[in-house]
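Enquirer: Could you have a look at this structure, given as structure tokens, before my questions?
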Number of protein chains: 2
Amino acid sequence: MSKVLVIGAGAIGAFYGAVLARAGCEVSVVARADFDAVAANGYRIESHLGDLSWRPAQVVRSAADYRGPADYLLVCLKLTAQTDPVALMRPAVDKGTASVFVANGIGIDAPIAAAFPDNELISGVAYAAVSRDGSGVVKHHSQFTRLVVGRYPAGRSEKAARIAEYVKKGGSSSAATDDIVGARWQKAAWNTVLNPVSAIGGGLGTQHILGSDESTDFVRQAMMEFMAVASAAGHPLPADSAEKLIEGTRKLPNYVSSMGQDRIAGRPMETEALLGNVVRIARKAGVSVPRLETLYALLRMAEQRGTT
Amino acid sequence: MSKVLVIGAGAIGAFYGAVLARAGCEVSVVARADFDAVAANGYRIESHLGDLSWRPAQVVRSAADYRGPADYLLVCLKLTAQTDPVALMRPAVDKGTASVFVANGIGIDAPIAAAFPDNELISGVAYAAVSRDGSGVVKHHSQFTRLVVGRYPAGRSEKAARIAEYVKKGGSSSAATDDIVGARWQKAAWNTVLNPVSAIGGGLGTQHILGSDESTDFVRQAMMEFMAVASAAGHPLPADSAEKLIEGTRKLPNYVSSMGQDRIAGRPMETEALLGNVVRIARKAGVSVPRLETLYALLRMAEQRGTT
């Protein structure tokens with residue numbers, strides 16, 4: 001079976017590490033804040049899938065300490081200004097190592113592809129309601145869970161297909177796609193708008209954000225700006241995407257997005273990955289995105305205030 | 001000399017009440033929160049103009065208690081959703097009473113003109129750095145101070161000219177104009193953009209808001225949306241207004257706008273007077289104001305959160 005090193009073992013990394021371990025992979029983790037707890041007791045994962053608690057094969061403080069080589073790096077990082085995925089990955093990137101880069105945002109894969117031109121890069125888009133619930137403890141909330149993977153920037157890949165098979169074997173939903181960048185744009189339509197609005201508002205919940213016709217209309221129009229950028233970038237979304245995302249969000253319980261939670265806690269936010277990159281792509285392509293630009297300006301102000 | 005009743009004797013009302021009293025008018029006030037202090041000791045006003053402390057002729061709790069008739073109502077109100085200027089004024093509006101309506105915002109005079117069709121309405125735009133510094137105490141900061149008044153909706157008015165003369169006689173700068181609505185649009189260019197940005201950011205200061213090229217560019221573009229609405233409404237501003245306002249603001253010390261201060265203190269904000277009315281006028285006129293609409297949507301969300 002494959003050897004996997006999880007880099008960025010937060011809730012998503014710990015969850016998919018568990019799934020891959022259950023599929024028979026030899027899974028190790030780079031743990032930083034949770035090193036002591038995980039080295040001593042492994043991960044406890046509360047999930048409707050059953051007992052997903054697991055012990056990594058190796059628990060290391062840095063990828064440099066890993067005894068490899070790894071077949072796969074499973075990179076599950078929050079992309080803030082403070083995080084450099086390439087630097088975290090580099091010590092464990094060996095000949096033949098493929099990276100599975102599970103993260104949110106647009107324009108986030110290219111720097112990794114450029115840094116490791118001889119290694120396969122598989123991008124991943126995760127839909128999973130998981131949260132860290134203490135050191136080494138992860139809660140998997142029983143909602144739609146799915147990992148979509150595919151060779152970056154496009155095309156078929158045996159290794160991506162294998163990862164999807166592992167995840168399915170481990171008991172969770174997964175699929176390989178030929179158009180993973182399109183899948184990133186698809187997921188980002190929600191994130192690019194709802195996350196910043198929540199954060200700018202100091203941690204607003206989804207039902208509050210969609211609490212009036214006026215504000216819902218604003219969200220719809222901001223999403224349509226995003227869709228125009230996606231089209232210009234060659235990844236058009238279905239015309240009813242904004243409407244469907246709004247309807248879908250209305251049906252779910254009130255929820256404070258990850259960026260809203262970061263804002264409340266005063267943590268760094270994924271400002272550039274989720275929003276800044278989209279604004280820059282729009283400007284380059286000559287697409288007018290005044291609503292997204294406004295959100296970006298306000299989010300930057302909030303961010304600069306947060307760190308001063 | 002004229003009998004004046006000040007309605008809404010906050011910092012602006014107390015300051016111009018003092019100036020009119022110094023010019024020889026018989027000035028009374030409707031005081032609510034500060035009634036006891038003002039009834040006992042009058043107002044203490046710290047100003048570079050000299051000692052402007054004064055005792056109102058009458059201090060009443062409601063316009064209904066005023067022994068009139070007044071020649072002028074000097075109405076200096078913050079226009080929040082909780083404030084109804086017409087209701088506050090009505091008991092003191094007599095035959096021949098003219099109202100001087102000193103407030104910030106766009107589209108704010110028409111309801112008053114409609115409520116009192118047989119009385120002259122003089123609109124006022126105040127540039128005055130004053131702040132309440134305790135019960136019955138007002139600080140007048142030594143900066144540019146000026147009151148522009150004019151008959152609403154336009155035209156010459158002897159009574160407006162007389163008010164301007166009183167203010168000048170009282171030691172402060174003033175002028176009557178034939179186009180007071182134009183003067184409102186002029187002042188609102190700053191307020192419509194900077195106040196909401198400050199409030200949405202939880203009380204951001206001007207130097208923070210103009211702290212980067214990116215954010216300054218956003219402010220400029222939002223002001224240009226406002227200027228397009230002003231033009232459509234028949235009150236075009238000079239083409240370099242946005243630039244001049246930004247430059248002027250940069251030269252002043254860091255300053256948290258009134259709406260930003262309201263947001264910090266959890267007080268009601270002048271959302272509709274400063275921003276909502278402008279957005280509605282834009283929509284009616286078919287002017288695209290996506291940045292202002294975004295600010296409006298976010299400000300409404302903040303406001304609804306604040307009151308729940």
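Each chain in the structure tokens gets a letter, A, B, ..., in the order shown, and its residues are numbered from 1; ligands are numbered from 1 in order too.
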Quick one: contact table of chain A to chain B, 9 Å max, nearest atom pair and distance in Å to one decimal per residue, counting only C-alpha atoms, chain and number order, as CSV?
Expert:
residue,atom,partner,partner_atom,distance
A:Val197,CA,B:Leu298,CA,7.5
A:Ile200,CA,B:Gly201,CA,6.9
A:Gly201,CA,B:Ala302,CA,6.1
A:Gly202,CA,B:Gly202,CA,8.4
A:Leu204,CA,B:Arg305,CA,8.2
A:His208,CA,B:Met301,CA,7.3
A:Ile209,CA,B:Met301,CA,6.8
A:Gly211,CA,B:Met301,CA,8.4
A:Ser212,CA,B:Met301,CA,9.0
A:Glu214,CA,B:Ala297,CA,6.8
A:Ser215,CA,B:Ala297,CA,5.4
A:Thr216,CA,B:Ala297,CA,8.9
A:Phe218,CA,B:Ala297,CA,6.7
A:Ala222,CA,B:Thr294,CA,8.8
A:Val289,CA,B:Pro290,CA,8.9
A:Pro290,CA,B:Arg291,CA,5.9
A:Arg291,CA,B:Arg291,CA,5.8
A:Leu292,CA,B:Thr294,CA,8.9
A:Glu293,CA,B:Phe218,CA,7.5
A:Thr294,CA,B:Arg291,CA,6.0
A:Leu295,CA,B:Thr294,CA,7.8
A:Tyr296,CA,B:Ser215,CA,8.9
A:Ala297,CA,B:Ser215,CA,5.3
A:Leu298,CA,B:Gly201,CA,7.1
A:Leu299,CA,B:Gly201,CA,8.6
A:Arg300,CA,B:Ser215,CA,8.1
A:Met301,CA,B:Ile209,CA,6.7
A:Ala302,CA,B:Gly201,CA,6.1
A:Gln304,CA,B:His208,CA,8.5
A:Arg305,CA,B:His208,CA,7.9
Enquirer: Taking 3 positions as the minimum chain separation for residues in the same chain, which residues sit within 6 Å of region 101-118 of chain B when counting only C-alpha atoms? Answer as a tab-separated table (two decimals) with N, CA, C and O atoms, in the first residue's frame.
Expert:
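Output saved as around-v5.tsv:
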chain	number	residue	atom	x	y	z
B	75	VAL	N	-33.25	73.08	13.93
B	75	VAL	CA	-33.40	71.64	14.12
B	75	VAL	C	-32.07	70.97	13.78
B	75	VAL	O	-31.65	70.96	12.62
B	76	CYS	N	-31.41	70.44	14.80
B	76	CYS	CA	-30.08	69.84	14.61
B	76	CYS	C	-30.14	68.40	15.07
B	76	CYS	O	-29.79	68.08	16.20
B	77	LEU	N	-30.58	67.51	14.18
B	77	LEU	CA	-30.84	66.13	14.59
B	77	LEU	C	-29.95	65.15	13.85
B	77	LEU	O	-29.60	65.35	12.69
B	123	SER	N	-32.84	74.83	4.69
B	123	SER	CA	-31.96	73.70	4.95
B	123	SER	C	-30.59	74.22	5.30
B	123	SER	O	-30.18	75.29	4.83
B	124	GLY	N	-29.90	73.47	6.15
B	124	GLY	CA	-28.58	73.92	6.58
B	124	GLY	C	-27.55	72.80	6.49
B	124	GLY	O	-27.85	71.64	6.74
B	125	VAL	N	-26.36	73.17	6.09
B	125	VAL	CA	-25.24	72.24	6.03
B	125	VAL	C	-24.14	72.81	6.91
B	125	VAL	O	-23.66	73.91	6.66
B	273	ALA	N	-30.27	58.06	5.85
B	273	ALA	CA	-30.02	59.46	5.46
B	273	ALA	C	-28.73	59.58	4.68
B	273	ALA	O	-28.66	60.31	3.68
B	274	LEU	N	-27.70	58.89	5.12
B	274	LEU	CA	-26.38	59.06	4.48
B	274	LEU	C	-26.21	58.16	3.27
B	274	LEU	O	-25.55	58.55	2.30
Enquirer: Write out as JSON, numbers by chain all residues of region 10-215 of chain B that backbone DSSP assigns to strand (DSSP E).
Expert: {"B": [26, 27, 28, 29, 30, 44, 45, 46, 59, 60, 72, 73, 74, 75, 76, 98, 99, 100, 101, 102, 121, 122, 123, 124, 125, 126, 127, 130, 131, 132, 137, 138, 139, 140, 146, 147, 148, 149, 150, 151, 173, 174, 175, 176]}
Enquirer: Quick one: everything within 9 Å of Arg61 (chain B), counting only C-alpha atoms, minus sequence neighbours fewer than 3 positions away in the same chain. Send it as a PDB file with all heavy atoms, in the first residue's frame.
Expert:
ATOM      1  N   VAL B  29     -34.058  75.927  24.261  1.00  0.00           N
ATOM      2  CA  VAL B  29     -33.723  74.591  23.781  1.00  0.00           C
ATOM      3  C   VAL B  29     -34.707  73.545  24.295  1.00  0.00           C
ATOM      4  O   VAL B  29     -35.237  73.662  25.399  1.00  0.00           O
ATOM      5  CB  VAL B  29     -32.300  74.141  24.215  1.00  0.00           C
ATOM      6  CG1 VAL B  29     -31.240  75.146  23.745  1.00  0.00           C
ATOM      7  CG2 VAL B  29     -32.228  73.939  25.709  1.00  0.00           C
ATOM      8  N   VAL B  30     -34.927  72.553  23.429  1.00  0.00           N
ATOM      9  CA  VAL B  30     -35.562  71.317  23.875  1.00  0.00           C
ATOM     10  C   VAL B  30     -34.418  70.378  24.257  1.00  0.00           C
ATOM     11  O   VAL B  30     -33.623  69.993  23.397  1.00  0.00           O
ATOM     12  CB  VAL B  30     -36.406  70.671  22.754  1.00  0.00           C
ATOM     13  CG1 VAL B  30     -37.014  69.360  23.253  1.00  0.00           C
ATOM     14  CG2 VAL B  30     -37.492  71.632  22.279  1.00  0.00           C
ATOM     15  N   ALA B  31     -34.305  70.059  25.528  1.00  0.00           N
ATOM     16  CA  ALA B  31     -33.245  69.151  25.976  1.00  0.00           C
ATOM     17  C   ALA B  31     -33.899  67.893  26.524  1.00  0.00           C
ATOM     18  O   ALA B  31     -34.903  67.979  27.241  1.00  0.00           O
ATOM     19  CB  ALA B  31     -32.395  69.829  27.045  1.00  0.00           C
ATOM     20  N   ARG B  32     -33.331  66.779  26.165  1.00  0.00           N
ATOM     21  CA  ARG B  32     -33.902  65.537  26.690  1.00  0.00           C
ATOM     22  C   ARG B  32     -32.918  64.900  27.663  1.00  0.00           C
ATOM     23  O   ARG B  32     -33.028  65.097  28.865  1.00  0.00           O
ATOM     24  CB  ARG B  32     -34.298  64.621  25.529  1.00  0.00           C
ATOM     25  CG  ARG B  32     -35.514  65.226  24.789  1.00  0.00           C
ATOM     26  CD  ARG B  32     -35.913  64.433  23.569  1.00  0.00           C
ATOM     27  NE  ARG B  32     -34.889  64.543  22.511  1.00  0.00           N
ATOM     28  CZ  ARG B  32     -34.957  63.906  21.337  1.00  0.00           C
ATOM     29  NH1 ARG B  32     -35.988  63.101  21.082  1.00  0.00           N
ATOM     30  NH2 ARG B  32     -34.028  64.072  20.429  1.00  0.00           N
ATOM     31  N   PHE B  35     -31.391  67.443  30.136  1.00  0.00           N
ATOM     32  CA  PHE B  35     -32.305  68.455  30.675  1.00  0.00           C
ATOM     33  C   PHE B  35     -31.845  69.015  32.025  1.00  0.00           C
ATOM     34  O   PHE B  35     -31.748  70.238  32.208  1.00  0.00           O
ATOM     35  CB  PHE B  35     -33.726  67.896  30.802  1.00  0.00           C
ATOM     36  CG  PHE B  35     -34.696  68.891  31.364  1.00  0.00           C
ATOM     37  CD1 PHE B  35     -35.366  69.787  30.527  1.00  0.00           C
ATOM     38  CD2 PHE B  35     -34.931  68.973  32.736  1.00  0.00           C
ATOM     39  CE1 PHE B  35     -36.243  70.731  31.051  1.00  0.00           C
ATOM     40  CE2 PHE B  35     -35.811  69.925  33.257  1.00  0.00           C
ATOM     41  CZ  PHE B  35     -36.462  70.795  32.414  1.00  0.00           C
ATOM     42  N   ALA B  64     -43.631  70.968  22.884  1.00  0.00           N
ATOM     43  CA  ALA B  64     -44.983  71.322  23.329  1.00  0.00           C
ATOM     44  C   ALA B  64     -44.941  72.225  24.560  1.00  0.00           C
ATOM     45  O   ALA B  64     -45.884  72.976  24.830  1.00  0.00           O
ATOM     46  CB  ALA B  64     -45.782  70.047  23.632  1.00  0.00           C
ATOM     47  N   ASP B  65     -43.834  72.158  25.303  1.00  0.00           N
ATOM     48  CA  ASP B  65     -43.717  72.970  26.519  1.00  0.00           C
ATOM     49  C   ASP B  65     -43.173  74.373  26.253  1.00  0.00           C
ATOM     50  O   ASP B  65     -43.101  75.198  27.162  1.00  0.00           O
ATOM     51  CB  ASP B  65     -42.773  72.276  27.528  1.00  0.00           C
ATOM     52  CG  ASP B  65     -43.303  70.917  27.952  1.00  0.00           C
ATOM     53  OD1 ASP B  65     -44.539  70.708  27.862  1.00  0.00           O
ATOM     54  OD2 ASP B  65     -42.494  70.065  28.336  1.00  0.00           O
ATOM     55  N   TYR B  66     -42.791  74.622  25.045  1.00  0.00           N
ATOM     56  CA  TYR B  66     -42.162  75.908  24.711  1.00  0.00           C
ATOM     57  C   TYR B  66     -43.213  77.019  24.657  1.00  0.00           C
ATOM     58  O   TYR B  66     -44.270  76.850  24.060  1.00  0.00           O
ATOM     59  CB  TYR B  66     -41.458  75.781  23.355  1.00  0.00           C
ATOM     60  CG  TYR B  66     -40.841  77.072  22.849  1.00  0.00           C
ATOM     61  CD1 TYR B  66     -39.803  77.695  23.516  1.00  0.00           C
ATOM     62  CD2 TYR B  66     -41.323  77.664  21.682  1.00  0.00           C
ATOM     63  CE1 TYR B  66     -39.236  78.868  23.036  1.00  0.00           C
ATOM     64  CE2 TYR B  66     -40.770  78.839  21.182  1.00  0.00           C
ATOM     65  CZ  TYR B  66     -39.731  79.438  21.874  1.00  0.00           C
ATOM     66  OH  TYR B  66     -39.171  80.603  21.395  1.00  0.00           O
TER      67      TYR B  66
END
Enquirer: Neighbours of Ala70 (chain A) within 8 Å (only C-alpha atoms; same-chain residues fewer than 6 positions away dropped), as a ChimeraX atom specification?
Expert: /A:2-5,92-94,97
Enquirer: Find the residues near Ile163 (chain B): any atom within 10 Å, counting only C-alpha atoms, skip ones fewer than 4 places away on the same chain, and give them as a PyMOL selection string.
Expert: chain B and resi 2+20+72+74+100+122+147-150+158-159+167-169+174-176
